[in-house]
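See below for coords_19.cif, which holds mmCIF, C-alpha atoms.
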data_final
loop_
_atom_site.label_atom_id
_atom_site.label_comp_id
_atom_site.auth_asym_id
_atom_site.auth_seq_id
_atom_site.Cartn_x
_atom_site.Cartn_y
_atom_site.Cartn_z
CA MET A 1 -0.16 29.31 6.49
CA ILE A 2 2.20 27.40 8.82
CA ILE A 3 -0.33 27.63 11.68
CA LEU A 4 -3.10 26.42 9.35
CA ARG A 5 -0.99 23.43 8.30
CA TYR A 6 -0.52 22.39 11.91
CA LEU A 7 -4.24 22.82 12.60
CA LEU A 8 -4.89 20.41 9.71
CA PHE A 9 -2.67 17.73 11.31
CA PRO A 10 -5.60 15.31 11.92
CA PHE A 11 -6.39 15.40 8.20
CA ALA A 12 -2.74 14.58 7.45
CA ILE A 13 -3.04 11.49 9.65
CA LEU A 14 -6.24 10.49 7.86
CA TYR A 15 -4.70 11.09 4.42
CA GLY A 16 -1.63 9.05 5.33
CA TRP A 17 -3.84 6.23 6.57
CA ILE A 18 -5.86 6.21 3.32
CA THR A 19 -2.78 6.19 1.06
CA SER A 20 -1.13 3.47 3.16
CA ILE A 21 -4.19 1.23 2.85
CA ARG A 22 -4.25 1.86 -0.91
CA ASN A 23 -0.58 0.88 -1.23
CA PHE A 24 -1.13 -2.19 0.98
CA LEU A 25 -3.97 -3.36 -1.30
CA TYR A 26 -1.76 -2.95 -4.38
CA ASP A 27 1.21 -4.64 -2.71
CA ARG A 28 -0.90 -7.66 -1.69
CA GLY A 29 -2.65 -7.98 -5.04
CA PHE A 30 -6.16 -6.94 -3.96
CA PHE A 31 -5.88 -4.09 -6.46
CA LYS A 32 -4.43 -5.17 -9.80
CA SER A 33 -1.26 -3.64 -11.23
CA TYR A 34 -0.52 -4.13 -14.93
CA SER A 35 2.92 -4.92 -16.33
CA PHE A 36 3.96 -4.56 -19.97
CA ASP A 37 6.33 -6.33 -22.33
CA VAL A 38 8.46 -3.23 -22.78
CA PRO A 39 10.92 -1.43 -20.47
CA VAL A 40 8.92 1.13 -18.47
CA ILE A 41 10.83 3.65 -16.32
CA ALA A 42 8.79 5.73 -13.87
CA VAL A 43 10.24 9.03 -12.63
CA GLY A 44 8.48 10.69 -9.72
CA ASN A 45 8.57 11.85 -6.14
CA LEU A 46 6.83 11.44 -2.80
CA SER A 47 6.15 15.15 -2.36
CA VAL A 48 4.33 17.87 -4.24
CA GLY A 49 6.39 20.68 -5.71
CA GLY A 50 9.36 20.92 -8.00
CA THR A 51 11.96 18.18 -7.70
CA GLY A 52 13.26 18.45 -11.27
CA LYS A 53 11.34 15.65 -12.98
CA THR A 54 11.45 17.18 -16.46
CA PRO A 55 15.26 17.69 -16.52
CA GLN A 56 15.64 14.10 -15.33
CA ILE A 57 13.35 12.78 -18.06
CA GLU A 58 15.39 14.75 -20.58
CA TYR A 59 18.59 13.22 -19.18
CA LEU A 60 17.13 9.76 -19.76
CA ILE A 61 16.13 10.69 -23.30
CA ARG A 62 19.67 11.82 -24.10
CA LEU A 63 21.08 8.67 -22.49
CA LEU A 64 18.83 6.12 -24.22
CA SER A 65 17.69 7.64 -27.52
CA PRO A 66 20.91 6.87 -29.46
CA ASN A 67 20.05 3.16 -29.22
CA TYR A 68 16.30 2.95 -28.57
CA LYS A 69 13.04 4.46 -29.78
CA ILE A 70 11.80 6.45 -26.78
CA ALA A 71 8.26 7.44 -25.80
CA THR A 72 7.34 9.71 -22.90
CA LEU A 73 3.96 9.53 -21.20
CA SER A 74 2.67 12.04 -18.66
CA ARG A 75 -0.63 13.28 -17.35
CA GLY A 76 -0.28 16.59 -19.19
CA TYR A 77 -0.91 18.80 -16.16
CA LYS A 78 -3.33 21.71 -16.80
CA ARG A 79 -3.86 20.80 -20.45
CA LYS A 80 -7.23 21.67 -21.97
CA SER A 81 -7.68 18.31 -23.73
CA GLU A 82 -8.85 14.98 -22.31
CA GLY A 83 -7.93 11.34 -22.74
CA PHE A 84 -4.99 10.09 -24.79
CA CYS A 85 -3.19 12.60 -27.00
CA ILE A 86 0.00 12.13 -28.96
CA ALA A 87 2.12 15.04 -30.11
CA ASP A 88 2.22 15.98 -33.80
CA GLU A 89 2.82 19.06 -35.95
CA HIS A 90 -0.52 20.54 -34.84
CA SER A 91 0.13 20.23 -31.10
CA ASN A 92 0.53 23.10 -28.66
CA SER A 93 0.87 23.60 -24.91
CA GLU A 94 -2.90 23.77 -24.39
CA LEU A 95 -3.37 20.35 -25.99
CA LEU A 96 -0.43 18.59 -24.29
CA GLY A 97 0.51 20.70 -21.29
CA ASP A 98 3.64 22.83 -21.13
CA GLU A 99 6.26 20.22 -20.21
CA PRO A 100 5.22 17.54 -22.74
CA TYR A 101 5.02 20.20 -25.44
CA GLN A 102 8.49 21.41 -24.45
CA MET A 103 9.82 17.86 -24.88
CA HIS A 104 8.06 17.52 -28.23
CA LEU A 105 9.75 20.67 -29.51
CA LYS A 106 13.12 19.69 -28.08
CA PHE A 107 13.32 16.02 -29.13
CA SER A 108 11.84 15.50 -32.58
CA ASP A 109 12.60 11.75 -32.61
CA VAL A 110 10.79 11.05 -29.32
CA ILE A 111 7.14 10.00 -29.18
CA VAL A 112 5.45 12.35 -26.70
CA ALA A 113 2.03 11.38 -25.34
CA VAL A 114 -0.27 12.40 -22.50
CA ASP A 115 -2.97 10.45 -20.68
CA ALA A 116 -4.12 10.62 -17.06
CA ASN A 117 -4.80 6.88 -17.34
CA ARG A 118 -1.24 5.58 -17.69
CA LYS A 119 -2.40 2.01 -18.38
CA ASN A 120 -4.47 3.17 -21.35
CA GLY A 121 -1.65 5.49 -22.46
CA ILE A 122 0.88 2.64 -22.53
CA GLU A 123 -1.54 0.40 -24.43
CA GLN A 124 -2.07 3.14 -27.00
CA LEU A 125 1.68 3.67 -27.37
CA LEU A 126 2.28 -0.04 -27.91
CA ASN A 127 -0.16 0.12 -30.84
CA HIS A 128 1.64 3.13 -32.27
CA ASN A 129 3.75 2.93 -35.41
CA PRO A 130 6.67 3.04 -34.77
CA LYS A 131 6.31 1.10 -31.53
CA PRO A 132 8.55 2.47 -28.76
CA ASP A 133 11.38 0.38 -27.31
CA VAL A 134 11.27 2.22 -23.96
CA ILE A 135 8.51 4.20 -22.24
CA LEU A 136 9.36 6.93 -19.74
CA LEU A 137 6.55 7.73 -17.27
CA ASP A 138 6.70 11.28 -15.97
CA ASP A 139 5.34 11.88 -12.45
CA ALA A 140 3.91 8.37 -12.08
CA TYR A 141 5.40 7.16 -8.79
CA GLN A 142 1.95 6.97 -7.16
CA HIS A 143 0.23 5.56 -10.27
CA ARG A 144 0.06 2.02 -8.90
CA LYS A 145 -2.30 0.71 -11.61
CA VAL A 146 0.82 0.40 -13.79
CA LYS A 147 3.75 -1.62 -12.47
CA ALA A 148 6.83 -0.05 -13.99
CA GLY A 149 9.95 -2.11 -14.47
CA PHE A 150 12.17 0.54 -12.90
CA TYR A 151 11.37 3.36 -10.44
CA ILE A 152 13.47 6.51 -10.02
CA LEU A 153 12.53 8.55 -6.96
CA LEU A 154 13.52 12.22 -6.87
CA THR A 155 13.82 14.31 -3.71
CA ALA A 156 15.06 17.90 -3.56
CA TYR A 157 18.19 18.69 -1.54
CA ASP A 158 16.45 21.47 0.42
CA ASP A 159 13.20 19.52 0.90
CA LEU A 160 14.10 15.87 1.54
CA PHE A 161 11.18 13.48 1.84
CA CYS A 162 12.68 11.98 4.99
CA ASP A 163 12.24 15.35 6.75
CA ASP A 164 8.68 15.90 5.52
CA PHE A 165 5.18 14.93 6.62
CA MET A 166 1.90 14.02 4.93
CA LEU A 167 -0.36 16.55 3.24
CA PRO A 168 -1.82 18.95 4.26
CA THR A 169 0.53 19.46 7.23
CA GLY A 170 3.57 18.66 5.07
CA ASN A 171 4.06 18.08 1.36
CA LEU A 172 4.13 14.27 1.11
CA ARG A 173 1.67 12.58 -1.25
CA GLU A 174 2.24 9.27 0.53
CA SER A 175 4.18 7.91 3.49
CA ARG A 176 7.99 7.93 3.46
CA VAL A 177 7.74 4.13 3.41
CA GLY A 178 6.85 4.47 -0.28
CA ALA A 179 10.54 5.14 -0.95
CA LYS A 180 11.12 1.39 -0.62
CA ARG A 181 9.57 0.90 -4.08
CA ALA A 182 12.40 2.89 -5.67
CA ASN A 183 15.15 1.16 -7.64
CA MET A 184 17.25 4.29 -7.18
CA ILE A 185 16.95 7.68 -5.52
CA ILE A 186 18.28 10.98 -6.84
CA VAL A 187 18.77 13.96 -4.55
CA THR A 188 18.19 16.83 -6.95
CA LYS A 189 19.04 20.54 -6.95
CA CYS A 190 22.15 20.06 -4.82
CA PRO A 191 24.88 22.70 -4.49
CA LYS A 192 27.59 21.94 -7.03
CA ASP A 193 30.17 21.86 -4.24
CA ILE A 194 28.31 19.50 -1.89
CA SER A 195 30.90 17.50 0.05
CA GLU A 196 31.16 13.72 0.22
CA ILE A 197 30.52 13.92 3.96
CA ALA A 198 27.27 15.81 3.35
CA GLN A 199 26.26 13.22 0.76
CA GLU A 200 26.89 10.36 3.17
CA ASN A 201 24.87 12.10 5.88
CA ILE A 202 21.92 12.47 3.52
CA LYS A 203 22.14 8.81 2.53
CA LYS A 204 21.95 7.83 6.21
CA ARG A 205 18.95 10.11 6.79
CA ILE A 206 17.16 8.66 3.75
CA GLY A 207 17.86 5.16 5.05
CA CYS A 208 16.98 3.18 1.90
CA LYS A 209 18.79 0.21 0.38
CA ALA A 210 18.46 1.62 -3.15
CA PRO A 211 21.52 3.44 -4.55
CA VAL A 212 21.43 7.21 -3.98
CA PHE A 213 22.80 9.70 -6.49
CA PHE A 214 23.21 13.47 -6.28
CA SER A 215 22.50 15.94 -9.06
CA TYR A 216 22.34 19.69 -9.61
CA ILE A 217 20.61 22.00 -12.05
CA ASP A 218 23.02 23.12 -14.74
CA TYR A 219 22.09 26.35 -16.49
CA ASP A 220 22.93 27.02 -20.13
CA GLU A 221 25.46 29.71 -21.03
CA LYS A 222 23.02 31.18 -23.54
CA VAL A 223 19.36 32.22 -23.71
CA TYR A 224 17.31 31.35 -26.78
CA ASN A 225 14.17 32.05 -28.74
CA ASP A 226 12.92 30.74 -32.07
CA LEU A 227 15.14 33.15 -34.02
CA ASP A 228 18.45 33.60 -32.23
CA SER A 229 20.43 33.23 -29.02
CA LYS A 230 22.43 35.50 -26.72
CA PRO A 231 25.20 34.77 -24.21
CA VAL A 232 24.14 35.04 -20.58
CA THR A 233 27.11 37.31 -19.93
CA GLU A 234 25.66 39.75 -22.47
CA ILE A 235 22.07 39.74 -21.22
CA LYS A 236 23.09 40.06 -17.57
CA ILE A 237 24.03 43.69 -18.10
CA VAL A 238 20.78 44.49 -19.94
CA ASP A 239 17.83 46.05 -18.12
CA LYS A 240 15.39 43.13 -18.18
CA LEU A 241 12.32 41.45 -16.79
CA LEU A 242 12.73 37.94 -15.37
CA LEU A 243 9.49 36.00 -15.53
CA ALA A 244 8.78 32.55 -14.09
CA GLY A 245 5.76 30.32 -13.58
CA ILE A 246 7.53 27.37 -11.93
CA ALA A 247 7.43 25.82 -8.46
CA LYS A 248 10.73 27.22 -7.17
CA PRO A 249 11.97 30.14 -9.32
CA GLU A 250 14.59 31.56 -6.94
CA PRO A 251 17.66 29.78 -8.44
CA PHE A 252 16.57 30.88 -11.94
CA PHE A 253 16.42 34.50 -10.75
CA ARG A 254 19.76 34.27 -8.94
CA TYR A 255 21.52 32.99 -12.05
CA LEU A 256 20.37 35.87 -14.25
CA GLN A 257 19.46 38.79 -12.03
CA SER A 258 21.29 42.11 -12.00
CA GLU A 259 20.65 45.14 -9.80
CA ASN A 260 17.97 46.90 -11.87
CA ASP A 261 16.11 43.81 -13.05
CA GLU A 262 12.49 43.18 -12.15
CA THR A 263 11.10 39.74 -11.33
CA VAL A 264 7.55 38.50 -11.84
CA VAL A 265 6.31 35.19 -10.41
CA TYR A 266 3.25 33.27 -11.57
CA PRO A 267 1.86 29.97 -10.25
CA ASP A 268 3.39 26.76 -11.58
CA HIS A 269 2.02 25.80 -15.04
CA HIS A 270 0.21 29.16 -15.27
CA HIS A 271 -1.91 29.77 -18.38
CA PHE A 272 -1.16 33.33 -19.47
CA THR A 273 -4.24 35.46 -20.12
CA GLU A 274 -4.54 38.60 -22.21
CA LYS A 275 -4.66 40.56 -18.96
CA ASP A 276 -1.32 39.00 -17.94
CA ILE A 277 0.20 39.93 -21.30
CA LYS A 278 -1.00 43.53 -21.00
CA GLU A 279 0.55 43.79 -17.54
CA ILE A 280 3.83 42.31 -18.79
CA ASN A 281 3.86 44.77 -21.69
CA THR A 282 3.62 47.71 -19.29
CA LYS A 283 7.05 46.86 -17.87
CA GLN A 284 9.69 49.25 -19.17
CA LYS A 285 12.43 46.74 -19.89
CA ASP A 286 14.66 45.97 -22.87
CA LEU A 287 14.35 42.17 -22.68
CA ILE A 288 12.24 39.47 -21.09
CA ILE A 289 13.88 36.22 -19.98
CA THR A 290 11.73 33.31 -18.88
CA THR A 291 12.02 29.59 -18.23
CA GLU A 292 11.80 27.04 -21.01
CA LYS A 293 8.39 25.72 -20.02
CA ASP A 294 7.00 29.26 -19.61
CA TYR A 295 8.33 30.13 -23.05
CA VAL A 296 6.25 27.46 -24.79
CA ARG A 297 3.12 29.04 -23.24
CA LEU A 298 4.19 32.62 -23.96
CA LYS A 299 5.39 32.20 -27.54
CA THR A 300 1.86 32.41 -28.98
CA HIS A 301 1.32 35.83 -27.35
CA HIS A 302 2.58 39.21 -28.51
CA LEU A 303 5.13 40.83 -26.21
CA ASN A 304 6.43 44.32 -26.91
CA VAL A 305 10.11 43.49 -26.40
CA PRO A 306 12.25 40.49 -27.43
CA PHE A 307 11.93 37.54 -25.08
CA TYR A 308 14.10 34.49 -24.54
CA TYR A 309 14.23 31.35 -22.41
CA LEU A 310 17.04 29.83 -20.37
CA PRO A 311 17.46 26.05 -20.81
CA ILE A 312 18.43 23.88 -17.87
CA LYS A 313 19.61 20.30 -17.55
CA SER A 314 20.24 17.80 -14.79
CA SER A 315 23.90 16.95 -14.15
CA PHE A 316 25.36 14.54 -11.62
CA ILE A 317 27.77 15.60 -8.90
CA SER A 318 29.73 12.38 -9.43
CA ASP A 319 29.30 8.72 -10.34
CA HIS A 320 27.16 9.48 -13.40
CA SER A 321 28.70 6.53 -15.26
CA ASN A 322 27.35 4.16 -12.59
CA PHE A 323 23.88 5.70 -12.95
CA ASP A 324 24.07 5.40 -16.74
CA ASN A 325 25.21 1.78 -16.59
CA ILE A 326 22.38 0.77 -14.24
CA LEU A 327 19.76 2.22 -16.60
CA ILE A 328 21.41 0.89 -19.76
CA ASP A 329 21.68 -2.56 -18.18
CA TYR A 330 17.99 -2.53 -17.15
CA VAL A 331 16.81 -1.48 -20.61
CA GLY A 332 19.18 -3.85 -22.40
CA THR A 333 18.24 -6.84 -20.25
CA SER A 334 14.50 -6.09 -20.55
CA THR A 335 14.74 -5.69 -24.31
CA ARG A 336 16.67 -8.95 -24.77
CA ASN A 337 14.19 -10.88 -22.61
CA ARG A 338 11.09 -9.79 -24.51
#

Could you take the file, read its structure, and then write that structure out as structure tokens?
Amino acid sequence: MIILRYLLFPFAILYGWITSIRNFLYDRGFFKSYSFDVPVIAVGNLSVGGTGKTPQIEYLIRLLSPNYKIATLSRGYKRKSEGFCIADEHSNSELLGDEPYQMHLKFSDVIVAVDANRKNGIEQLLNHNPKPDVILLDDAYQHRKVKAGFYILLTAYDDLFCDDFMLPTGNLRESRVGAKRANMIIVTKCPKDISEIAQENIKKRIGCKAPVFFSYIDYDEKVYNDLDSKPVTEIKIVDKLLLAGIAKPEPFFRYLQSENDETVVYPDHHHFTEKDIKEINTKQKDLIITTEKDYVRLKTHHLNVPFYYLPIKSSFISDHSNFDNILIDYVGTSTRNR
């Protein structure tokens, strides 16, 4: 695979050239970007793969929802519906996609919508009753047709965009220069004990004027299903199957895995088939533990043993109050000026 990526280097140059021209045309006004009379916060990345967008969106929901009516808008990756859809009591993961459905189940007061056309999605949300005070765009950093009021760029600690290259040789969706559009950058999935010196070195390598923050994935002390919960300390000693269909499942496995556990990996956003369920049911284990977004796709299937999910959240290494204040100030100022 590595050799193939290097052989495709000319296509990476071509792809980078095309995306750079596209961004140039948007920057100079040849392609129109649409702004809206509501605070719009876009969370995204320059690369493909897991940078922790959903935990960061959830952090923003917890931060802003006490004072504002929040709506989230995403593409709804791998959903089986088309166009604009808004979550209601009849929704499921096939209609919305796994991550939007997860947010719908988790935050009952948040308006959750999906639409590949973010401009149309925002227009639909602004006609919704109740009308949202703030719209959070999930994975919309390259969606230049909408001009968000505030851009949060995520980059993973072990896969920094400044060390990467364009697809298909690397994992970048657009040139590193695109980082200049960010109002702030978050280095996600850091070690909890990352030193201040290491943080400063990363800031220098990133080389952007926007403030840079550092976060880590914080795992819950319990696993849950729709009926009950169990402490992680209790389930760690149980003979279990760990199942994940996410981009980078290794930290999830490390947190839960004991000597006799078995792990099963599926592609990110995998739709479980009856064949998959039959194979899972052949495993001779007492419990199945999965990720939260896998759980919302698995819960409609019959598994032979109890199964639970492990929630995660994004937490800041330090300086979280500064991050919070920047976002609260942006939303407050935008709301007052409407």

Given the PyMOL selection byres ((chain A and resi 293) around 12) and the file above, list the residues it selects as a ChimeraX atom specification.
/A:54-55,92-93,97-106,243-247,268-271,289-292,294-299,308-312

Could you give me, as CSV, every range 78-195 of chain A residue with an atom at most 9 Å from range 22-40 of chain A, plus its closest atom pair and distance in Å to one decimal, counting all atoms listed in the file, rows ordered by chain then number?
residue,atom,partner,partner_atom,distance
A:Lys119,CA,A:Tyr34,CA,7.3
A:Ile122,CA,A:Phe36,CA,8.2
A:Glu123,CA,A:Phe36,CA,8.6
A:Leu126,CA,A:Val38,CA,8.6
A:Pro132,CA,A:Val38,CA,8.3
A:Asp133,CA,A:Val38,CA,6.5
A:Val134,CA,A:Pro39,CA,5.1
A:Ile135,CA,A:Val40,CA,4.9
A:Leu136,CA,A:Val40,CA,6.0
A:Leu137,CA,A:Val40,CA,7.1
A:Gln142,CA,A:Asn23,CA,8.9
A:Arg144,CA,A:Ser33,CA,6.3
A:Lys145,CA,A:Ser33,CA,4.5
A:Val146,CA,A:Tyr34,CA,4.9
A:Lys147,CA,A:Ser35,CA,5.1
A:Ala148,CA,A:Val40,CA,5.1
A:Gly149,CA,A:Val40,CA,5.2
A:Phe150,CA,A:Val40,CA,6.5
A:Tyr151,CA,A:Val40,CA,8.7
A:Gly178,CA,A:Asn23,CA,8.3

Starting from the shown file, work through the PyMOL selection byres ((chain A and resi 78) around 8) and note down what comes out as number ranges by chain.
A: 76-77, 79-80, 94, 97, 269

Evaluating the PyMOL selection byres ((chain A and resi 225) around 7) on the displayed file yields which residues, as number ranges by chain?
A: 224, 226-229, 307-309

Which residue is closest to Ser20 in chain A? Choose from A:Ser175, A:Thr233, A:Ser195, A:Ser258 and count all atoms listed in the file.
A:Ser175

List as a list of chain:residue names the protein and nucleic acid residues near Tyr6 in chain A, meaning an atom at most 12 Å away when all atoms listed in the file are counted, but skip any in the same chain fewer than 5 places from it.
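Counting only the stated atoms, we get A:Met1, A:Phe11, A:Ala12, A:Ile13, A:Phe165, A:Met166, A:Leu167, A:Pro168, A:Thr169, A:Gly170.
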
Mind writing the picked residues with C-alpha atoms as an mmCIF file, in the coordinates of the input?
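This is the output file again_14.cif:
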data_model
loop_
_atom_site.group_PDB
_atom_site.id
_atom_site.type_symbol
_atom_site.label_atom_id
_atom_site.label_comp_id
_atom_site.auth_asym_id
_atom_site.auth_seq_id
_atom_site.Cartn_x
_atom_site.Cartn_y
_atom_site.Cartn_z
ATOM 1 C CA MET A 1 -0.160 29.310 6.490
ATOM 2 C CA PHE A 11 -6.390 15.400 8.200
ATOM 3 C CA ALA A 12 -2.740 14.580 7.450
ATOM 4 C CA ILE A 13 -3.040 11.490 9.650
ATOM 5 C CA PHE A 165 5.180 14.930 6.620
ATOM 6 C CA MET A 166 1.900 14.020 4.930
ATOM 7 C CA LEU A 167 -0.360 16.550 3.240
ATOM 8 C CA PRO A 168 -1.820 18.950 4.260
ATOM 9 C CA THR A 169 0.530 19.460 7.230
ATOM 10 C CA GLY A 170 3.570 18.660 5.070
#

With 5 Å on each side, where is the centre of the axis-aligned box around all listed atoms of range 193-202 of chain A, and how long are its edges in Å to one decimal, as AutoDock Vina command-line options?
--center_x 26.5 --center_y 16.1 --center_z 0.8 --size_x 19.2 --size_y 21.5 --size_z 20.1

Shortest interatomic distance to Asn129 in chain A - which of A:Leu95, A:Cys208, A:Ile18, A:Ile86, counting all atoms listed in the file
A:Ile86

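If you look at CA of Leu287 in chain A and CA of Leu241 in chain A, they are 6.3 Å away from each other.
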
Ranking A:Lys283, A:Lys69, A:His128, A:Lys203 by minimum distance to Lys240 in chain A and counting all atoms listed in the file, which one comes first?
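The shortest atom-to-atom distance to Lys240 in chain A comes from A:Lys283.
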
Tell me, as number ranges by chain, which residues lie within 9 Å of Tyr59 in chain A, counting all atoms listed in the file; anything in the same chain fewer than 5 positions away does not count.
A: 54, 64, 313-315

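Using all atoms listed in the file, the shortest contact distance between Ile41 in chain A and any of A:Ile57, A:Leu96, A:Ile217, A:Leu256 is found at A:Ile57.
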
Could you please determine the separation between CA of Phe161 in chain A and CA of Glu58 in chain A in Å, to one decimal place?
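Separation between CA of Phe161 in chain A and CA of Glu58 in chain A: 22.8 Å.
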
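Note that the spacing between CA of Asn127 in chain A and CA of Ser91 in chain A amounts to 20.1 Å.
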
Near Ile152 in chain A, counting all atoms listed in the file, which residues have an atom at most 8 Å away, once you skip same-chain residues fewer than 6 positions from it, shown as a list in words?
Ile41, Ala42, Val43, Gly44, Ala182, Asn183, Met184, Ile185 and Ile186 of chain A

Which of A:Asp163, A:Asp261, A:Asp218, A:Asp324 sits closest to Ile61 in chain A [using all atoms listed in the file]
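The answer is A:Asp324, which sits nearest to Ile61 in chain A.
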
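Using only C-alpha atoms, the shortest contact distance between Leu60 in chain A and any of A:Asp319, A:Phe84, A:Val48, A:Thr72 is found at A:Thr72.
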
Using only C-alpha atoms, what residues lie at most 6 Å away from (-1.7, 10.3, -23.6) (file coordinates), given as an MDAnalysis selection string?
chainID A and resid 84:86 113:115 121

Write the selection just made, keeping C-alpha atoms, as a short mmCIF file (atom, residue, chain, number, x, y, z; two decimals), in the coordinates of the input?
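The resulting file, again.cif, is reproduced below:
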data_model
loop_
_atom_site.label_atom_id
_atom_site.label_comp_id
_atom_site.auth_asym_id
_atom_site.auth_seq_id
_atom_site.Cartn_x
_atom_site.Cartn_y
_atom_site.Cartn_z
CA PHE A 84 -4.99 10.09 -24.79
CA CYS A 85 -3.19 12.60 -27.00
CA ILE A 86 0.00 12.13 -28.96
CA ALA A 113 2.03 11.38 -25.34
CA VAL A 114 -0.27 12.40 -22.50
CA ASP A 115 -2.97 10.45 -20.68
CA GLY A 121 -1.65 5.49 -22.46
#

Completion step: range 265-271 of chain A with all heavy atoms as a PDB file, keeping the file's coordinate frame:
ATOM      1  N   VAL A 265       6.552  36.609 -10.688  1.00  0.00           N
ATOM      2  CA  VAL A 265       6.310  35.190 -10.410  1.00  0.00           C
ATOM      3  C   VAL A 265       4.836  34.870 -10.635  1.00  0.00           C
ATOM      4  O   VAL A 265       3.951  35.594 -10.172  1.00  0.00           O
ATOM      5  CB  VAL A 265       6.700  34.840  -8.959  1.00  0.00           C
ATOM      6  CG1 VAL A 265       6.411  33.374  -8.672  1.00  0.00           C
ATOM      7  CG2 VAL A 265       8.171  35.149  -8.711  1.00  0.00           C
ATOM      8  N   TYR A 266       4.601  33.794 -11.365  1.00  0.00           N
ATOM      9  CA  TYR A 266       3.250  33.270 -11.570  1.00  0.00           C
ATOM     10  C   TYR A 266       3.183  31.866 -10.969  1.00  0.00           C
ATOM     11  O   TYR A 266       4.212  31.233 -10.731  1.00  0.00           O
ATOM     12  CB  TYR A 266       2.920  33.213 -13.062  1.00  0.00           C
ATOM     13  CG  TYR A 266       2.759  34.571 -13.710  1.00  0.00           C
ATOM     14  CD1 TYR A 266       3.840  35.195 -14.339  1.00  0.00           C
ATOM     15  CD2 TYR A 266       1.535  35.220 -13.696  1.00  0.00           C
ATOM     16  CE1 TYR A 266       3.698  36.433 -14.930  1.00  0.00           C
ATOM     17  CE2 TYR A 266       1.385  36.471 -14.302  1.00  0.00           C
ATOM     18  CZ  TYR A 266       2.469  37.073 -14.910  1.00  0.00           C
ATOM     19  OH  TYR A 266       2.326  38.302 -15.488  1.00  0.00           O
ATOM     20  N   PRO A 267       1.973  31.347 -10.750  1.00  0.00           N
ATOM     21  CA  PRO A 267       1.860  29.970 -10.250  1.00  0.00           C
ATOM     22  C   PRO A 267       2.456  28.970 -11.246  1.00  0.00           C
ATOM     23  O   PRO A 267       2.552  29.242 -12.440  1.00  0.00           O
ATOM     24  CB  PRO A 267       0.341  29.763 -10.117  1.00  0.00           C
ATOM     25  CG  PRO A 267      -0.228  31.139 -10.033  1.00  0.00           C
ATOM     26  CD  PRO A 267       0.659  32.007 -10.858  1.00  0.00           C
ATOM     27  N   ASP A 268       2.837  27.815 -10.732  1.00  0.00           N
ATOM     28  CA  ASP A 268       3.390  26.760 -11.580  1.00  0.00           C
ATOM     29  C   ASP A 268       2.378  26.359 -12.656  1.00  0.00           C
ATOM     30  O   ASP A 268       1.179  26.220 -12.372  1.00  0.00           O
ATOM     31  CB  ASP A 268       3.737  25.557 -10.703  1.00  0.00           C
ATOM     32  CG  ASP A 268       4.685  24.586 -11.382  1.00  0.00           C
ATOM     33  OD1 ASP A 268       5.264  24.944 -12.431  1.00  0.00           O
ATOM     34  OD2 ASP A 268       4.850  23.464 -10.876  1.00  0.00           O
ATOM     35  N   HIS A 269       2.841  26.198 -13.888  1.00  0.00           N
ATOM     36  CA  HIS A 269       2.020  25.800 -15.040  1.00  0.00           C
ATOM     37  C   HIS A 269       0.936  26.854 -15.367  1.00  0.00           C
ATOM     38  O   HIS A 269      -0.135  26.516 -15.876  1.00  0.00           O
ATOM     39  CB  HIS A 269       1.342  24.446 -14.808  1.00  0.00           C
ATOM     40  CG  HIS A 269       2.283  23.325 -14.533  1.00  0.00           C
ATOM     41  ND1 HIS A 269       2.973  22.658 -15.526  1.00  0.00           N
ATOM     42  CD2 HIS A 269       2.654  22.760 -13.364  1.00  0.00           C
ATOM     43  CE1 HIS A 269       3.727  21.712 -14.977  1.00  0.00           C
ATOM     44  NE2 HIS A 269       3.548  21.764 -13.676  1.00  0.00           N
ATOM     45  N   HIS A 270       1.208  28.103 -15.080  1.00  0.00           N
ATOM     46  CA  HIS A 270       0.210  29.160 -15.270  1.00  0.00           C
ATOM     47  C   HIS A 270      -0.143  29.342 -16.745  1.00  0.00           C
ATOM     48  O   HIS A 270       0.731  29.381 -17.612  1.00  0.00           O
ATOM     49  CB  HIS A 270       0.771  30.479 -14.718  1.00  0.00           C
ATOM     50  CG  HIS A 270      -0.147  31.646 -14.858  1.00  0.00           C
ATOM     51  ND1 HIS A 270      -1.323  31.758 -14.155  1.00  0.00           N
ATOM     52  CD2 HIS A 270      -0.058  32.764 -15.632  1.00  0.00           C
ATOM     53  CE1 HIS A 270      -1.920  32.891 -14.468  1.00  0.00           C
ATOM     54  NE2 HIS A 270      -1.182  33.514 -15.366  1.00  0.00           N
ATOM     55  N   HIS A 271      -1.451  29.434 -17.033  1.00  0.00           N
ATOM     56  CA  HIS A 271      -1.910  29.770 -18.380  1.00  0.00           C
ATOM     57  C   HIS A 271      -2.005  31.290 -18.471  1.00  0.00           C
ATOM     58  O   HIS A 271      -2.797  31.925 -17.768  1.00  0.00           O
ATOM     59  CB  HIS A 271      -3.281  29.148 -18.665  1.00  0.00           C
ATOM     60  CG  HIS A 271      -3.213  27.698 -19.014  1.00  0.00           C
ATOM     61  ND1 HIS A 271      -2.600  27.241 -20.162  1.00  0.00           N
ATOM     62  CD2 HIS A 271      -3.674  26.598 -18.367  1.00  0.00           C
ATOM     63  CE1 HIS A 271      -2.699  25.919 -20.216  1.00  0.00           C
ATOM     64  NE2 HIS A 271      -3.334  25.506 -19.133  1.00  0.00           N
TER      65      HIS A 271
END
